[in-house]
Every structure is written in C-alpha cells, then in structure tokens.
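Trainee: Data file query-v2.txt (compact mmCIF, C-alpha atoms) is appended below.
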# COMPACT_ATOMS: atom_id res chain seq x y z
CA MET A 5 -21.95 17.59 36.92
CA SER A 6 -25.57 17.97 35.86
CA GLU A 7 -24.52 18.58 32.24
CA SER A 8 -22.60 15.33 32.09
CA ILE A 9 -25.38 13.31 33.76
CA GLU A 10 -28.13 14.46 31.35
CA PRO A 11 -26.47 13.26 28.13
CA SER A 12 -25.54 10.01 29.86
CA SER A 13 -29.14 9.53 30.94
CA LYS A 14 -30.35 10.21 27.40
CA ARG A 15 -27.91 7.71 25.98
CA SER A 16 -29.08 5.09 28.44
CA LYS A 17 -32.69 5.65 27.44
CA LEU A 18 -31.85 5.52 23.75
CA GLU A 19 -29.80 2.37 24.17
CA ALA A 20 -32.56 0.75 26.20
CA GLY A 21 -35.13 1.71 23.59
CA ASP A 22 -32.90 0.43 20.81
CA LYS A 23 -32.46 -2.90 22.57
CA GLN A 24 -36.19 -3.13 23.17
CA TRP A 25 -36.88 -2.40 19.48
CA ARG A 26 -34.38 -5.01 18.37
CA GLY A 27 -35.91 -7.52 20.72
CA THR A 28 -39.39 -6.80 19.35
CA LYS A 29 -38.13 -7.18 15.81
CA GLN A 30 -36.52 -10.52 16.61
CA ARG A 31 -39.72 -11.81 18.24
CA ARG A 32 -41.87 -10.94 15.20
CA GLN A 33 -43.50 -14.09 13.91
CA THR A 34 -43.17 -15.02 10.27
CA PRO A 35 -46.32 -15.99 8.31
CA GLN A 36 -47.02 -19.69 8.42
CA TYR A 37 -47.59 -21.05 4.91
CA ARG A 38 -48.65 -24.58 4.18
CA PHE A 39 -49.25 -26.57 1.01
CA SER A 40 -52.93 -26.76 0.03
CA SER A 41 -53.29 -28.14 -3.52
CA PHE A 42 -51.86 -28.31 -7.02
CA VAL A 43 -53.14 -28.56 -10.58
CA LYS A 44 -51.55 -30.30 -13.56
CA GLU A 45 -52.76 -28.75 -16.79
CA GLN A 46 -53.71 -30.90 -19.77
CA HIS A 47 -51.12 -29.47 -22.17
CA LYS A 48 -48.34 -30.86 -19.89
CA LYS A 49 -45.99 -28.02 -20.87
CA ASN A 50 -44.08 -25.50 -18.76
CA LEU A 51 -46.04 -22.77 -16.99
CA PHE A 52 -44.12 -19.49 -17.26
CA GLY A 53 -46.47 -16.99 -15.62
CA VAL A 54 -48.98 -16.75 -12.79
CA ALA A 55 -50.91 -13.71 -11.49
CA PHE A 56 -53.54 -13.07 -8.83
CA ASN A 57 -56.40 -10.76 -9.74
CA TYR A 58 -56.34 -8.00 -7.11
CA HIS A 59 -59.36 -6.24 -8.62
CA VAL A 60 -62.03 -8.67 -7.41
CA ALA A 61 -64.65 -7.39 -4.97
CA GLU A 62 -63.91 -7.60 -1.27
CA GLY A 63 -65.02 -10.95 0.10
CA ALA A 64 -65.16 -12.58 -3.35
CA PRO A 65 -63.16 -15.76 -4.00
CA LEU A 66 -59.55 -15.32 -5.06
CA VAL A 67 -58.95 -15.54 -8.80
CA VAL A 68 -55.62 -16.47 -10.37
CA ALA A 69 -54.40 -16.97 -13.96
CA THR A 70 -51.65 -19.18 -15.34
CA VAL A 71 -49.96 -19.15 -18.76
CA GLY A 72 -47.91 -21.74 -20.57
CA SER A 73 -47.79 -23.27 -24.06
CA ASN A 74 -50.52 -21.53 -26.10
CA ARG A 75 -52.92 -21.61 -23.13
CA ALA A 76 -54.15 -19.22 -20.46
CA THR A 77 -56.26 -20.64 -17.66
CA VAL A 78 -58.24 -18.79 -14.99
CA TYR A 79 -58.84 -20.49 -11.64
CA GLU A 80 -60.99 -19.67 -8.65
CA CYS A 81 -59.60 -20.50 -5.21
CA ASP A 82 -62.25 -21.88 -2.87
CA GLY A 83 -62.12 -21.66 0.92
CA SER A 84 -60.20 -24.91 1.29
CA GLY A 85 -57.37 -23.80 -1.01
CA SER A 86 -58.45 -25.92 -3.98
CA LEU A 87 -58.26 -24.51 -7.51
CA VAL A 88 -61.28 -24.73 -9.82
CA ALA A 89 -60.81 -23.85 -13.50
CA ILE A 90 -63.45 -21.32 -14.58
CA ARG A 91 -62.10 -20.25 -17.99
CA ALA A 92 -59.51 -21.60 -20.43
CA TYR A 93 -58.16 -19.82 -23.49
CA ALA A 94 -56.21 -21.55 -26.28
CA ASP A 95 -54.48 -19.36 -28.86
CA ALA A 96 -55.25 -20.18 -32.49
CA GLU A 97 -51.51 -20.38 -33.20
CA THR A 98 -50.25 -23.69 -31.83
CA ASP A 99 -46.63 -22.48 -31.88
CA GLU A 100 -47.43 -19.69 -29.40
CA ASP A 101 -45.83 -20.03 -25.96
CA PHE A 102 -47.19 -17.56 -23.40
CA TYR A 103 -44.62 -16.25 -20.91
CA THR A 104 -46.51 -13.62 -18.94
CA CYS A 105 -49.96 -12.40 -17.87
CA ALA A 106 -51.41 -9.39 -16.03
CA TRP A 107 -54.86 -8.39 -14.76
CA SER A 108 -56.76 -5.12 -15.15
CA TYR A 109 -60.30 -3.92 -15.90
CA SER A 110 -62.04 -1.94 -18.62
CA SER A 111 -63.72 1.47 -18.32
CA ALA A 112 -67.01 -0.45 -17.98
CA GLY A 113 -65.62 -2.41 -15.03
CA GLU A 114 -65.14 -5.70 -16.88
CA MET A 115 -62.18 -7.79 -15.69
CA LEU A 116 -59.56 -8.46 -18.35
CA LEU A 117 -56.41 -10.52 -18.67
CA ALA A 118 -53.46 -9.55 -20.88
CA VAL A 119 -51.21 -12.39 -22.09
CA ALA A 120 -48.14 -12.46 -24.33
CA GLY A 121 -45.15 -14.61 -25.17
CA ALA A 122 -42.94 -16.08 -27.85
CA ARG A 123 -44.70 -14.62 -30.90
CA GLY A 124 -44.50 -11.03 -29.62
CA ILE A 125 -48.29 -10.55 -29.75
CA ILE A 126 -50.40 -9.23 -26.86
CA ARG A 127 -53.87 -10.73 -26.38
CA ILE A 128 -56.51 -9.08 -24.19
CA ILE A 129 -59.00 -11.64 -22.89
CA TYR A 130 -62.27 -10.97 -21.05
CA PRO A 131 -62.82 -14.04 -18.83
CA GLN A 132 -66.15 -12.97 -17.31
CA CYS A 133 -68.08 -11.71 -20.34
CA SER A 134 -68.56 -12.18 -24.08
CA LEU A 135 -66.60 -9.12 -25.22
CA PRO A 136 -64.35 -9.93 -28.20
CA ASP A 137 -60.66 -10.46 -27.48
CA LYS A 138 -58.17 -7.78 -28.58
CA THR A 139 -54.78 -8.19 -30.25
CA TYR A 140 -51.81 -5.80 -30.23
CA THR A 141 -48.75 -6.19 -32.44
CA GLY A 142 -45.59 -4.14 -32.71
CA HIS A 143 -42.78 -5.94 -30.95
CA GLY A 144 -40.31 -7.65 -33.25
CA ASN A 145 -39.64 -10.59 -30.96
CA ALA A 146 -40.86 -12.43 -27.85
CA ILE A 147 -42.54 -10.47 -25.04
CA ASN A 148 -41.12 -11.39 -21.65
CA GLU A 149 -43.30 -9.42 -19.25
CA LEU A 150 -46.51 -7.37 -19.00
CA LYS A 151 -47.37 -4.87 -16.27
CA PHE A 152 -50.41 -2.62 -15.88
CA HIS A 153 -50.08 0.93 -14.56
CA PRO A 154 -50.90 1.11 -10.81
CA ILE A 155 -53.19 4.15 -11.19
CA ASP A 156 -54.50 4.06 -14.76
CA PRO A 157 -55.88 0.56 -15.55
CA SER A 158 -55.87 1.28 -19.30
CA LEU A 159 -52.06 1.62 -19.57
CA LEU A 160 -50.13 -1.58 -20.23
CA LEU A 161 -46.33 -1.91 -20.29
CA SER A 162 -44.67 -4.65 -22.35
CA VAL A 163 -40.96 -5.56 -22.41
CA ALA A 164 -39.46 -7.73 -25.11
CA LYS A 165 -36.58 -9.56 -26.68
CA ASP A 166 -36.38 -6.86 -29.38
CA HIS A 167 -34.55 -4.58 -26.87
CA ALA A 168 -37.60 -2.30 -26.41
CA LEU A 169 -40.39 -1.45 -23.98
CA ARG A 170 -43.79 -0.31 -25.23
CA LEU A 171 -46.65 1.45 -23.48
CA TRP A 172 -50.15 0.66 -24.73
CA ASN A 173 -53.55 2.22 -24.11
CA ILE A 174 -56.05 -0.63 -24.17
CA GLU A 175 -59.04 1.74 -24.24
CA THR A 176 -57.95 3.53 -27.43
CA ASP A 177 -56.08 0.46 -28.76
CA THR A 178 -52.92 2.43 -29.48
CA CYS A 179 -49.22 2.19 -28.69
CA VAL A 180 -48.57 5.51 -26.96
CA ALA A 181 -44.80 5.21 -26.38
CA ILE A 182 -41.76 3.15 -27.36
CA PHE A 183 -38.75 3.11 -25.05
CA GLY A 184 -35.62 2.07 -26.93
CA GLY A 185 -32.94 3.29 -29.30
CA VAL A 186 -29.54 4.84 -28.53
CA ASP A 187 -30.23 5.37 -24.82
CA GLY A 188 -32.19 2.14 -24.43
CA HIS A 189 -31.33 -1.50 -23.87
CA ARG A 190 -28.71 -3.12 -26.10
CA ASP A 191 -30.04 -6.65 -25.64
CA GLU A 192 -33.14 -8.57 -24.59
CA VAL A 193 -35.31 -6.84 -21.97
CA LEU A 194 -36.39 -9.37 -19.34
CA SER A 195 -38.47 -7.41 -16.86
CA GLY A 196 -40.04 -4.03 -16.19
CA ASP A 197 -42.30 -2.38 -13.63
CA PHE A 198 -43.91 0.89 -12.47
CA ASP A 199 -43.43 2.50 -9.07
CA LEU A 200 -46.53 2.80 -6.85
CA THR A 201 -47.44 6.24 -8.22
CA GLY A 202 -46.91 5.24 -11.86
CA SER A 203 -44.44 8.10 -12.34
CA TRP A 204 -41.38 5.93 -12.94
CA ILE A 205 -40.61 2.85 -15.04
CA MET A 206 -37.69 0.56 -14.30
CA SER A 207 -36.46 -2.20 -16.60
CA CYS A 208 -33.65 -4.72 -16.72
CA GLY A 209 -32.27 -7.10 -19.32
CA MET A 210 -29.35 -9.01 -20.75
CA ASP A 211 -27.19 -6.05 -21.75
CA HIS A 212 -24.26 -6.25 -19.33
Hey, can you dump this file as structure tokens for me?
Mentor:
Amino acid sequence: MSESIEPSSKRSKLEAGDKQWRGTKQRRQTPQYRFSSFVKEQHKKNLFGVAFNYHVAEGAPLVVATVGSNRATVYECDGSGSLVAIRAYADAETDEDFYTCAWSYSSAGEMLLAVAGARGIIRIIYPQCSLPDKTYTGHGNAINELKFHPIDPSLLLSVAKDHALRLWNIETDTCVAIFGGVDGHRDEVLSGDFDLTGSWIMSCGMDH
C-alpha cells in the first residue's frame, strides 16, 4: 500500500508544480512598446539596413545607423526617443545602394561602422574620429549582409549574391577565408551569422 501511495503522491506534486509553472508562464507580461518618433531621410529612397551600436559605454545615449541609397547615417537617441543625426556618409559612387551595416570597434577602441551593398564593396567608416575610411573588394556581386564576430571585433563576415561568404580581418586588411565552391551555395547568399561563441557560421540563400 505504501509503495503505491508514494508514486501517486509524487505524481500529484509534479502535476501541481507543472500547473503552477504553466500558470506563471501564462501570467508573464509582454514588454509594452510604443511609437516615439520617425525620421525621413533627404535622399527619399528605401532604407535596407538598421543597426544599434551595442559597444557604447554604459549610460551613454543609444546610437543607431541606417543605410539606403548611397548613404549611411548615424543617429543618437535622446531620452525622449527622438533621433538626432550626428554623422552622415555619402558614397562617392552615386549608383551605390547600401543594403547592410554592422558596428564594431578598432584595436584602439574607436567605434567603426561597416557598410556594403549593390556594388559588392565594403566600406569601413569611423563616425567618431578623423581616421581614413577603409575599402575592401573581392565579391563579384552585391553584398547582402555583414556580421562581426561576437568575440573578435576585427573579424567581419560578408555574404553576397556571388554565391560566396568571405571572412575579413579589418586590422590586417586581409580576406582570411572564402566559403564557397562545390560544397557551398549554388545561388545568391542572403544572410549569415555567427553563434555566440564565434565557433560556428550559418548561412542561407536562394539555392533551393
């Protein structure tokens, strides 16, 4: 009798705990978002990319970048939610159309913004200082996405319409790896990313 009661008692406790957990999960409140402001950029073209800068000092105003047409614009978010433009970059090539942007920082601690798009050229911009911009070429077609390594801020991943992914070192200004070929994508690569440790890369594209 005691052997049959004990498992039953355990089941009751587990079921009660399970119900309590489910009830807690159902009562969890979702974040309340509200509209604060918007900006219409002067070029009046599509904006394809936006990225917050997670490398700013704690307590500093939020910084965000947008890209579209041949422009990249950096905004500061004030306490009221308004956006104030603090830096604008216009590519010398008017037929450029930026699709993506990503933030990182140099070995000296300077914030930098990588942008790329239709012309398959990566630009490295330093919004907060007078360091000269950098340019990386190698892709044979449009670049659809840029991602920086989560551990090493000098490693930049680019994925492109030429069916390939490339890994760049922005400190040595070299392309350190090309992912493509027989075992690679057979069509345009649309997106790619690192895992949190930077040990794995995942990509996806238009090859069905």
Trainee: Measure the distance from atom CA of A:Val68 to atom CA of A:Ala55 in Å and round it to one decimal.
Mentor: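 Atom CA of A:Val68 sits 5.6 Å away from atom CA of A:Ala55.
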Trainee: Using atom CA of A:Lys49 and atom CA of A:Ala92 as the two end points, give the distance in Å to one decimal.
Mentor: 15.0 Å
Trainee: May I have the residues within 9 Å of A:Ser158 as a PyMOL selection string, using only C-alpha atoms and disregarding those fewer than 4 positions away in the same chain?
Mentor: chain A and resi 108-111+152-153+172-176
Trainee: How far is it from atom CA of A:Phe183 to atom CA of A:Phe102, in Å with one decimal?
Mentor: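 Rounded to one decimal, the two atoms are 22.4 Å apart.
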Trainee: I'd like the contact shell of stretch 164-169 of chain A - 8 Å cut-off, all atoms listed in the file, skipping same-chain residues fewer than 4 positions apart - returned as a ChimeraX atom specification.
Mentor: /A:124,143-149,182-185,188-194
Trainee: Can you pull out the residues contacting A:Met206? Cut-off 7 Å, using only C-alpha atoms, and skip same-chain residues under 3 positions away; I want them as a ChimeraX atom specification.
Mentor: /A:196-198
Trainee: With a distance cut-off of 7 Å and all atoms listed in the file, select the neighbouring residues of A:Val119, excluding the residue or stretch itself and same-chain residues fewer than 4 positions from it, and output the selection as a PyMOL selection string.
Mentor: chain A and resi 102+104-106+126-128
Trainee: Find the smallest box with edges along x, y and z containing every listed atom of stretch 199-209 of chain A, then add 8 Å on each side and report centre and edge lengths in Å to one decimal, as lines of an AutoDock Vina configuration file.
Mentor:
center_x = -39.9
center_y = 0.5
center_z = -13.1
size_x = 31.2
size_y = 31.2
size_z = 28.5
Trainee: What would stretch 134-159 of chain A look like with N, CA, C and O atoms in place, written as a PDB file, in the frame of the given file?
Mentor:
ATOM      1  N   SER A 134     -68.674 -11.755 -22.681  1.00  0.00           N
ATOM      2  CA  SER A 134     -68.560 -12.180 -24.080  1.00  0.00           C
ATOM      3  C   SER A 134     -67.931 -11.120 -24.977  1.00  0.00           C
ATOM      4  O   SER A 134     -68.072 -11.188 -26.196  1.00  0.00           O
ATOM      5  N   LEU A 135     -67.254 -10.132 -24.393  1.00  0.00           N
ATOM      6  CA  LEU A 135     -66.600  -9.120 -25.220  1.00  0.00           C
ATOM      7  C   LEU A 135     -65.529  -9.774 -26.093  1.00  0.00           C
ATOM      8  O   LEU A 135     -64.848 -10.714 -25.657  1.00  0.00           O
ATOM      9  N   PRO A 136     -65.355  -9.319 -27.324  1.00  0.00           N
ATOM     10  CA  PRO A 136     -64.350  -9.930 -28.200  1.00  0.00           C
ATOM     11  C   PRO A 136     -62.929  -9.646 -27.692  1.00  0.00           C
ATOM     12  O   PRO A 136     -62.653  -8.574 -27.137  1.00  0.00           O
ATOM     13  N   ASP A 137     -62.054 -10.626 -27.877  1.00  0.00           N
ATOM     14  CA  ASP A 137     -60.660 -10.460 -27.480  1.00  0.00           C
ATOM     15  C   ASP A 137     -59.991  -9.409 -28.362  1.00  0.00           C
ATOM     16  O   ASP A 137     -60.392  -9.171 -29.504  1.00  0.00           O
ATOM     17  N   LYS A 138     -58.943  -8.771 -27.825  1.00  0.00           N
ATOM     18  CA  LYS A 138     -58.170  -7.780 -28.580  1.00  0.00           C
ATOM     19  C   LYS A 138     -56.768  -8.311 -28.839  1.00  0.00           C
ATOM     20  O   LYS A 138     -56.250  -9.146 -28.093  1.00  0.00           O
ATOM     21  N   THR A 139     -56.136  -7.788 -29.890  1.00  0.00           N
ATOM     22  CA  THR A 139     -54.780  -8.190 -30.250  1.00  0.00           C
ATOM     23  C   THR A 139     -53.943  -6.950 -30.545  1.00  0.00           C
ATOM     24  O   THR A 139     -54.382  -6.056 -31.282  1.00  0.00           O
ATOM     25  N   TYR A 140     -52.739  -6.900 -29.977  1.00  0.00           N
ATOM     26  CA  TYR A 140     -51.810  -5.800 -30.230  1.00  0.00           C
ATOM     27  C   TYR A 140     -50.491  -6.348 -30.758  1.00  0.00           C
ATOM     28  O   TYR A 140     -49.914  -7.275 -30.172  1.00  0.00           O
ATOM     29  N   THR A 141     -50.031  -5.789 -31.858  1.00  0.00           N
ATOM     30  CA  THR A 141     -48.750  -6.190 -32.440  1.00  0.00           C
ATOM     31  C   THR A 141     -47.841  -4.972 -32.569  1.00  0.00           C
ATOM     32  O   THR A 141     -48.312  -3.841 -32.628  1.00  0.00           O
ATOM     33  N   GLY A 142     -46.553  -5.220 -32.617  1.00  0.00           N
ATOM     34  CA  GLY A 142     -45.590  -4.140 -32.710  1.00  0.00           C
ATOM     35  C   GLY A 142     -44.187  -4.573 -32.346  1.00  0.00           C
ATOM     36  O   GLY A 142     -43.217  -4.173 -32.976  1.00  0.00           O
ATOM     37  N   HIS A 143     -44.089  -5.416 -31.330  1.00  0.00           N
ATOM     38  CA  HIS A 143     -42.780  -5.940 -30.950  1.00  0.00           C
ATOM     39  C   HIS A 143     -42.242  -6.857 -32.044  1.00  0.00           C
ATOM     40  O   HIS A 143     -42.996  -7.591 -32.682  1.00  0.00           O
ATOM     41  N   GLY A 144     -40.931  -6.829 -32.219  1.00  0.00           N
ATOM     42  CA  GLY A 144     -40.310  -7.650 -33.250  1.00  0.00           C
ATOM     43  C   GLY A 144     -39.818  -8.989 -32.770  1.00  0.00           C
ATOM     44  O   GLY A 144     -39.208  -9.733 -33.540  1.00  0.00           O
ATOM     45  N   ASN A 145     -40.087  -9.303 -31.493  1.00  0.00           N
ATOM     46  CA  ASN A 145     -39.640 -10.590 -30.960  1.00  0.00           C
ATOM     47  C   ASN A 145     -40.463 -10.907 -29.708  1.00  0.00           C
ATOM     48  O   ASN A 145     -41.411 -10.184 -29.391  1.00  0.00           O
ATOM     49  N   ALA A 146     -40.087 -11.946 -28.994  1.00  0.00           N
ATOM     50  CA  ALA A 146     -40.860 -12.430 -27.850  1.00  0.00           C
ATOM     51  C   ALA A 146     -41.057 -11.358 -26.782  1.00  0.00           C
ATOM     52  O   ALA A 146     -40.161 -10.558 -26.508  1.00  0.00           O
ATOM     53  N   ILE A 147     -42.238 -11.360 -26.158  1.00  0.00           N
ATOM     54  CA  ILE A 147     -42.540 -10.470 -25.040  1.00  0.00           C
ATOM     55  C   ILE A 147     -42.323 -11.243 -23.749  1.00  0.00           C
ATOM     56  O   ILE A 147     -42.901 -12.318 -23.545  1.00  0.00           O
ATOM     57  N   ASN A 148     -41.488 -10.686 -22.870  1.00  0.00           N
ATOM     58  CA  ASN A 148     -41.120 -11.390 -21.650  1.00  0.00           C
ATOM     59  C   ASN A 148     -41.967 -11.028 -20.433  1.00  0.00           C
ATOM     60  O   ASN A 148     -42.096 -11.838 -19.511  1.00  0.00           O
ATOM     61  N   GLU A 149     -42.514  -9.809 -20.426  1.00  0.00           N
ATOM     62  CA  GLU A 149     -43.300  -9.420 -19.250  1.00  0.00           C
ATOM     63  C   GLU A 149     -44.307  -8.338 -19.603  1.00  0.00           C
ATOM     64  O   GLU A 149     -44.055  -7.491 -20.472  1.00  0.00           O
ATOM     65  N   LEU A 150     -45.448  -8.382 -18.892  1.00  0.00           N
ATOM     66  CA  LEU A 150     -46.510  -7.370 -19.000  1.00  0.00           C
ATOM     67  C   LEU A 150     -46.796  -6.812 -17.615  1.00  0.00           C
ATOM     68  O   LEU A 150     -46.842  -7.568 -16.645  1.00  0.00           O
ATOM     69  N   LYS A 151     -47.002  -5.500 -17.544  1.00  0.00           N
ATOM     70  CA  LYS A 151     -47.370  -4.870 -16.270  1.00  0.00           C
ATOM     71  C   LYS A 151     -48.374  -3.751 -16.552  1.00  0.00           C
ATOM     72  O   LYS A 151     -48.163  -2.925 -17.442  1.00  0.00           O
ATOM     73  N   PHE A 152     -49.462  -3.715 -15.771  1.00  0.00           N
ATOM     74  CA  PHE A 152     -50.410  -2.620 -15.880  1.00  0.00           C
ATOM     75  C   PHE A 152     -50.024  -1.485 -14.937  1.00  0.00           C
ATOM     76  O   PHE A 152     -49.432  -1.701 -13.883  1.00  0.00           O
ATOM     77  N   HIS A 153     -50.348  -0.272 -15.350  1.00  0.00           N
ATOM     78  CA  HIS A 153     -50.080   0.930 -14.560  1.00  0.00           C
ATOM     79  C   HIS A 153     -50.853   0.845 -13.237  1.00  0.00           C
ATOM     80  O   HIS A 153     -52.006   0.422 -13.213  1.00  0.00           O
ATOM     81  N   PRO A 154     -50.231   1.242 -12.113  1.00  0.00           N
ATOM     82  CA  PRO A 154     -50.900   1.110 -10.810  1.00  0.00           C
ATOM     83  C   PRO A 154     -52.051   2.085 -10.582  1.00  0.00           C
ATOM     84  O   PRO A 154     -52.879   1.855  -9.704  1.00  0.00           O
ATOM     85  N   ILE A 155     -52.119   3.160 -11.363  1.00  0.00           N
ATOM     86  CA  ILE A 155     -53.190   4.150 -11.190  1.00  0.00           C
ATOM     87  C   ILE A 155     -54.172   4.126 -12.353  1.00  0.00           C
ATOM     88  O   ILE A 155     -55.386   4.164 -12.149  1.00  0.00           O
ATOM     89  N   ASP A 156     -53.665   4.065 -13.566  1.00  0.00           N
ATOM     90  CA  ASP A 156     -54.500   4.060 -14.760  1.00  0.00           C
ATOM     91  C   ASP A 156     -54.607   2.635 -15.308  1.00  0.00           C
ATOM     92  O   ASP A 156     -53.656   2.118 -15.884  1.00  0.00           O
ATOM     93  N   PRO A 157     -55.744   1.967 -15.138  1.00  0.00           N
ATOM     94  CA  PRO A 157     -55.880   0.560 -15.550  1.00  0.00           C
ATOM     95  C   PRO A 157     -55.847   0.350 -17.060  1.00  0.00           C
ATOM     96  O   PRO A 157     -55.792  -0.794 -17.515  1.00  0.00           O
ATOM     97  N   SER A 158     -55.872   1.426 -17.838  1.00  0.00           N
ATOM     98  CA  SER A 158     -55.870   1.280 -19.300  1.00  0.00           C
ATOM     99  C   SER A 158     -54.456   1.260 -19.884  1.00  0.00           C
ATOM    100  O   SER A 158     -54.280   0.962 -21.067  1.00  0.00           O
ATOM    101  N   LEU A 159     -53.440   1.565 -19.074  1.00  0.00           N
ATOM    102  CA  LEU A 159     -52.060   1.620 -19.570  1.00  0.00           C
ATOM    103  C   LEU A 159     -51.332   0.305 -19.271  1.00  0.00           C
ATOM    104  O   LEU A 159     -51.254  -0.132 -18.122  1.00  0.00           O
TER     105      LEU A 159
END
